[in-house]
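Student: Before anything else, here's the structure in question.
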Amino acid sequence: MPDQTGLEIQGLEVRYGPVQAVRGVSLRAEPGTITAILGANGAGKSSLMKAISGLAPASAGRITLDGEDITKLSPHERARRGLSHALEGRRLFHRMSVEENLRVAWDFRNRGGGFKTVADRVYEQFPMLTARRNTPAGMLSGGQQQMVILSAALIHEPRYLLLDEPSLGLAPVIVQQIFGFIESVCRERRTTIILCEQVAAIALRVAHAGCVLRRGQVVRSGEAAALAADPTLSAAYLGG
């Protein structure tokens with residue numbers, strides 16, 4: 001396993017035809033930290049995350065992972081290098097059970113043994129899934145679905161984890177549980193996490209650093225504590 005030197009983005013641009021969704025973004029995620037990507041709906045957050053994981057091609061710029069240029073690599077090759085991406089929208093196989101969804105995530109890169117140990121660890125982390133292990137994912141609550149998605153994204157112990165809007169549509173008590181888990185993953189596993197959120201206060205409570213996007217550009221960046229202490233942040237940059 002290569003030494004972690006971080007994930008670095010330099011002058012990244014993403015276009016969808018004539019629409020430029022990301023404009024010259026540069027940022028660095030230090031190893032073993034949480035970096036919050038903040039901004040209103042349509043600010044370019046999801047496009048940035050997709051460019052990092054390879055789901056959206058970069059029209060310009062450079063992405064390096066532990067010093068290796070991954071800008072032209074396929075999503076599969078980026079995953080092989082320890083990058084995992086949990087997309088917005090709770091994308092599960094809704095007719096398949098909780099355990100079948102976890103098995104699909106496991107089999108994506110592994111054949112055969114070891115799954116039971118991994119599944120048992122998931123149920124230990126999220127006890128409320130234990131009684132739902134044979135329940136179709138589409139019948140779970142939003143919070144339970146998010147727990148399955150996080151578990152599937154972490155099933156291969158990635159070194160880098162991209163999380164897109166993990167709090168979206170969840171009750172406050174579940175949001176606290178989800179973010180507590182995210183914080184513990186970073187602290188205990190030393191996973192480098194890039195967290196995309198509209199709700200700045202939630203993300204900045206667990207993040208070490210952050211940046212704010214507006215119309216595809218970085219308009220603010222710095223330590224999470226400094227951003228959280230800025231009373232003008234929400235009104236100036238997160239409203240549209």
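Ordered as shown in the structure tokens, chains take letters A, B, and onward, while each chain numbers its residues from 1 and ligands are numbered from 1 in the order shown.
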Within 10 Å of Glu183 in chain A, counting only C-alpha atoms, which residues show up once you throw out same-chain ones fewer than 2 positions away? Write them as a ChimeraX atom specification, please.
Tutor: /A:33-34,177-181,185-189,191,193,205-207
Student: So that I have them on file, write out the residues from the current selection with N, CA and C atoms, as a PDB file, in the first residue's frame.
Tutor:
```pdb
ATOM      1  N   THR A  33      -7.858  13.261   7.221  1.00  0.00           N
ATOM      2  CA  THR A  33      -8.693  14.402   7.618  1.00  0.00           C
ATOM      3  C   THR A  33     -10.022  14.360   6.881  1.00  0.00           C
ATOM      4  N   ILE A  34     -10.938  15.221   7.342  1.00  0.00           N
ATOM      5  CA  ILE A  34     -12.219  15.414   6.667  1.00  0.00           C
ATOM      6  C   ILE A  34     -12.220  16.818   6.063  1.00  0.00           C
ATOM      7  N   GLN A 177     -26.223  10.603  14.225  1.00  0.00           N
ATOM      8  CA  GLN A 177     -25.635   9.267  14.251  1.00  0.00           C
ATOM      9  C   GLN A 177     -24.750   9.032  13.032  1.00  0.00           C
ATOM     10  N   ILE A 178     -25.217   9.444  11.865  1.00  0.00           N
ATOM     11  CA  ILE A 178     -24.448   9.257  10.634  1.00  0.00           C
ATOM     12  C   ILE A 178     -23.135  10.038  10.698  1.00  0.00           C
ATOM     13  N   PHE A 179     -23.205  11.285  11.142  1.00  0.00           N
ATOM     14  CA  PHE A 179     -21.993  12.102  11.187  1.00  0.00           C
ATOM     15  C   PHE A 179     -21.045  11.661  12.299  1.00  0.00           C
ATOM     16  N   GLY A 180     -21.597  11.118  13.375  1.00  0.00           N
ATOM     17  CA  GLY A 180     -20.737  10.536  14.397  1.00  0.00           C
ATOM     18  C   GLY A 180     -19.957   9.356  13.842  1.00  0.00           C
ATOM     19  N   PHE A 181     -20.624   8.556  13.007  1.00  0.00           N
ATOM     20  CA  PHE A 181     -19.956   7.417  12.375  1.00  0.00           C
ATOM     21  C   PHE A 181     -18.884   7.901  11.406  1.00  0.00           C
ATOM     22  N   VAL A 185     -14.876   7.001  11.553  1.00  0.00           N
ATOM     23  CA  VAL A 185     -14.164   6.347  10.453  1.00  0.00           C
ATOM     24  C   VAL A 185     -12.861   7.078  10.165  1.00  0.00           C
ATOM     25  N   CYS A 186     -12.927   8.397  10.124  1.00  0.00           N
ATOM     26  CA  CYS A 186     -11.724   9.191   9.884  1.00  0.00           C
ATOM     27  C   CYS A 186     -10.725   9.016  11.021  1.00  0.00           C
ATOM     28  N   ARG A 187     -11.204   9.091  12.243  1.00  0.00           N
ATOM     29  CA  ARG A 187     -10.317   9.045  13.413  1.00  0.00           C
ATOM     30  C   ARG A 187      -9.696   7.664  13.619  1.00  0.00           C
ATOM     31  N   GLU A 188     -10.513   6.625  13.521  1.00  0.00           N
ATOM     32  CA  GLU A 188     -10.048   5.284  13.875  1.00  0.00           C
ATOM     33  C   GLU A 188      -9.385   4.552  12.711  1.00  0.00           C
ATOM     34  N   ARG A 189      -9.868   4.796  11.497  1.00  0.00           N
ATOM     35  CA  ARG A 189      -9.297   4.105  10.330  1.00  0.00           C
ATOM     36  C   ARG A 189      -8.312   4.973   9.551  1.00  0.00           C
ATOM     37  N   THR A 191      -9.087   7.197   7.502  1.00  0.00           N
ATOM     38  CA  THR A 191      -9.625   7.385   6.153  1.00  0.00           C
ATOM     39  C   THR A 191      -9.711   8.873   5.839  1.00  0.00           C
ATOM     40  N   ILE A 193     -11.469  11.765   4.088  1.00  0.00           N
ATOM     41  CA  ILE A 193     -12.859  11.920   3.659  1.00  0.00           C
ATOM     42  C   ILE A 193     -13.082  13.302   3.051  1.00  0.00           C
ATOM     43  N   ARG A 205     -18.801  20.819  11.739  1.00  0.00           N
ATOM     44  CA  ARG A 205     -18.617  20.278  13.095  1.00  0.00           C
ATOM     45  C   ARG A 205     -17.647  19.107  13.101  1.00  0.00           C
ATOM     46  N   VAL A 206     -17.599  18.358  11.997  1.00  0.00           N
ATOM     47  CA  VAL A 206     -16.719  17.181  11.968  1.00  0.00           C
ATOM     48  C   VAL A 206     -15.492  17.390  11.088  1.00  0.00           C
ATOM     49  N   ALA A 207     -15.511  18.415  10.230  1.00  0.00           N
ATOM     50  CA  ALA A 207     -14.426  18.608   9.260  1.00  0.00           C
ATOM     51  C   ALA A 207     -13.219  19.295   9.895  1.00  0.00           C
TER      52      ALA A 207
END
```
Student: Quick one: residues within 9 Å of range 19-27 of chain A, only C-alpha atoms, excluding same-chain residues fewer than 4 positions away - as an NGL selection string?
Tutor: :A and (7-15 or 42-45 or 47-48 or 60-61 or 211 or 213 or 215-218 or 221)
Student: Give me, as a list in words, all polymer residues having an atom no more than 8 Å from range 144-151 of chain A, counting only C-alpha atoms and skipping those fewer than 6 positions away in the same chain.
Tutor: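 Contacts, with the query itself left out: Ala86, Arg90, Arg91, Leu92, Val98, Asn101, Leu102, Val122, Phe126, Met128, Leu129, Ala137, Pro166 and Ile178 of chain A.
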Student: Would you mind telling me which residue in A:Ala153, A:Leu195, A:Val212, A:Ser59 lies nearest to Ser167 in chain A when using only C-alpha atoms?
Tutor: A:Leu195
Student: Which parts of range 1-239 of chain A does DSSP call alpha helix (DSSP H) when run on the backbone here, written out as number ranges by chain?
Tutor: A: 45-53, 75-80, 98-107, 115-125, 142-154, 172-189, 200-206, 224-228, 233-237
Student: Would you kindly return, as a PyMOL selection string, each protein, DNA or RNA residue with an atom no farther than 10 Å from any atom of Thr130 in chain A, considering only C-alpha atoms and excluding same-chain residues fewer than 5 positions away?
Tutor: chain A and resi 98-99+119-120+122-125+135
Student: Of the residues A:Leu154, A:Ile202, A:Met139, A:Ile70, which is the one nearest to Pro172 in chain A, using only C-alpha atoms?
Tutor: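 Answer, going by the shortest atom-to-atom distance: A:Ile202.
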Student: Based on DSSP run over this structure's backbone, return all residues of range 198-231 of chain A in strand (DSSP E), as a ChimeraX atom specification.
Tutor: /A:209-214,217-223
Student: Mind writing the picked residues with N, CA and C atoms as a PDB file, in the first residue's frame?
Tutor:
```pdb
ATOM      1  N   ALA A 209     -11.052  20.922   7.516  1.00  0.00           N
ATOM      2  CA  ALA A 209     -10.908  22.022   6.565  1.00  0.00           C
ATOM      3  C   ALA A 209     -12.141  22.061   5.677  1.00  0.00           C
ATOM      4  N   GLY A 210     -12.301  23.168   4.970  1.00  0.00           N
ATOM      5  CA  GLY A 210     -13.455  23.275   4.099  1.00  0.00           C
ATOM      6  C   GLY A 210     -13.242  24.289   3.001  1.00  0.00           C
ATOM      7  N   CYS A 211     -14.074  24.169   1.974  1.00  0.00           N
ATOM      8  CA  CYS A 211     -14.098  25.197   0.938  1.00  0.00           C
ATOM      9  C   CYS A 211     -15.533  25.373   0.477  1.00  0.00           C
ATOM     10  N   VAL A 212     -15.839  26.583   0.035  1.00  0.00           N
ATOM     11  CA  VAL A 212     -17.187  26.926  -0.392  1.00  0.00           C
ATOM     12  C   VAL A 212     -17.181  27.158  -1.894  1.00  0.00           C
ATOM     13  N   LEU A 213     -18.088  26.477  -2.586  1.00  0.00           N
ATOM     14  CA  LEU A 213     -18.244  26.665  -4.029  1.00  0.00           C
ATOM     15  C   LEU A 213     -19.437  27.560  -4.318  1.00  0.00           C
ATOM     16  N   ARG A 214     -19.265  28.381  -5.318  1.00  0.00           N
ATOM     17  CA  ARG A 214     -20.394  29.159  -5.844  1.00  0.00           C
ATOM     18  C   ARG A 214     -20.236  29.249  -7.348  1.00  0.00           C
ATOM     19  N   GLN A 217     -17.007  27.761  -8.697  1.00  0.00           N
ATOM     20  CA  GLN A 217     -15.713  28.299  -8.292  1.00  0.00           C
ATOM     21  C   GLN A 217     -15.561  28.283  -6.773  1.00  0.00           C
ATOM     22  N   VAL A 218     -14.315  28.143  -6.298  1.00  0.00           N
ATOM     23  CA  VAL A 218     -14.034  28.251  -4.866  1.00  0.00           C
ATOM     24  C   VAL A 218     -14.047  29.729  -4.496  1.00  0.00           C
ATOM     25  N   VAL A 219     -14.945  30.096  -3.556  1.00  0.00           N
ATOM     26  CA  VAL A 219     -15.029  31.493  -3.118  1.00  0.00           C
ATOM     27  C   VAL A 219     -14.534  31.675  -1.685  1.00  0.00           C
ATOM     28  N   ARG A 220     -14.456  30.603  -0.927  1.00  0.00           N
ATOM     29  CA  ARG A 220     -13.891  30.651   0.415  1.00  0.00           C
ATOM     30  C   ARG A 220     -13.239  29.308   0.711  1.00  0.00           C
ATOM     31  N   SER A 221     -12.171  29.321   1.498  1.00  0.00           N
ATOM     32  CA  SER A 221     -11.548  28.084   1.944  1.00  0.00           C
ATOM     33  C   SER A 221     -10.751  28.365   3.203  1.00  0.00           C
ATOM     34  N   GLY A 222     -10.477  27.313   3.968  1.00  0.00           N
ATOM     35  CA  GLY A 222      -9.698  27.484   5.180  1.00  0.00           C
ATOM     36  C   GLY A 222     -10.002  26.407   6.185  1.00  0.00           C
ATOM     37  N   GLU A 223      -9.536  26.607   7.419  1.00  0.00           N
ATOM     38  CA  GLU A 223      -9.805  25.656   8.489  1.00  0.00           C
ATOM     39  C   GLU A 223     -11.298  25.662   8.808  1.00  0.00           C
TER      40      GLU A 223
END
```
Student: In Å, with one decimal, what is the gap from CA of Pro57 in chain A to CA of Arg28 in chain A?
Tutor: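 Going from CA of Pro57 in chain A over to CA of Arg28 in chain A, I get 19.1 Å.
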Student: Please, what distance in Å, to one decimal, runs between CA of Gly82 in chain A and CA of His208 in chain A?
Tutor: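 CA of His208 in chain A lies at a distance of 20.9 Å from CA of Gly82 in chain A.
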Student: Of the candidates A:Trp106, A:Ile194, A:Lys116, A:Pro127, which shows the shortest atom-to-atom distance to Ile52 in chain A, using only C-alpha atoms?
Tutor: A:Ile194
Student: Taking only C-alpha atoms into account, which of A:Arg62, A:Gly138, A:Arg121, A:Leu163 comes nearest Ile37 in chain A?
Tutor: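 Checking each of A:Arg62, A:Gly138, A:Arg121, A:Leu163 against Ile37 in chain A, counting only C-alpha atoms, the winner is A:Leu163.
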Student: To one decimal place in Å, what is the distance between CA of Arg132 in chain A and CA of Glu157 in chain A?
Tutor: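 Result for CA of Arg132 in chain A versus CA of Glu157 in chain A: 23.0 Å, one decimal.
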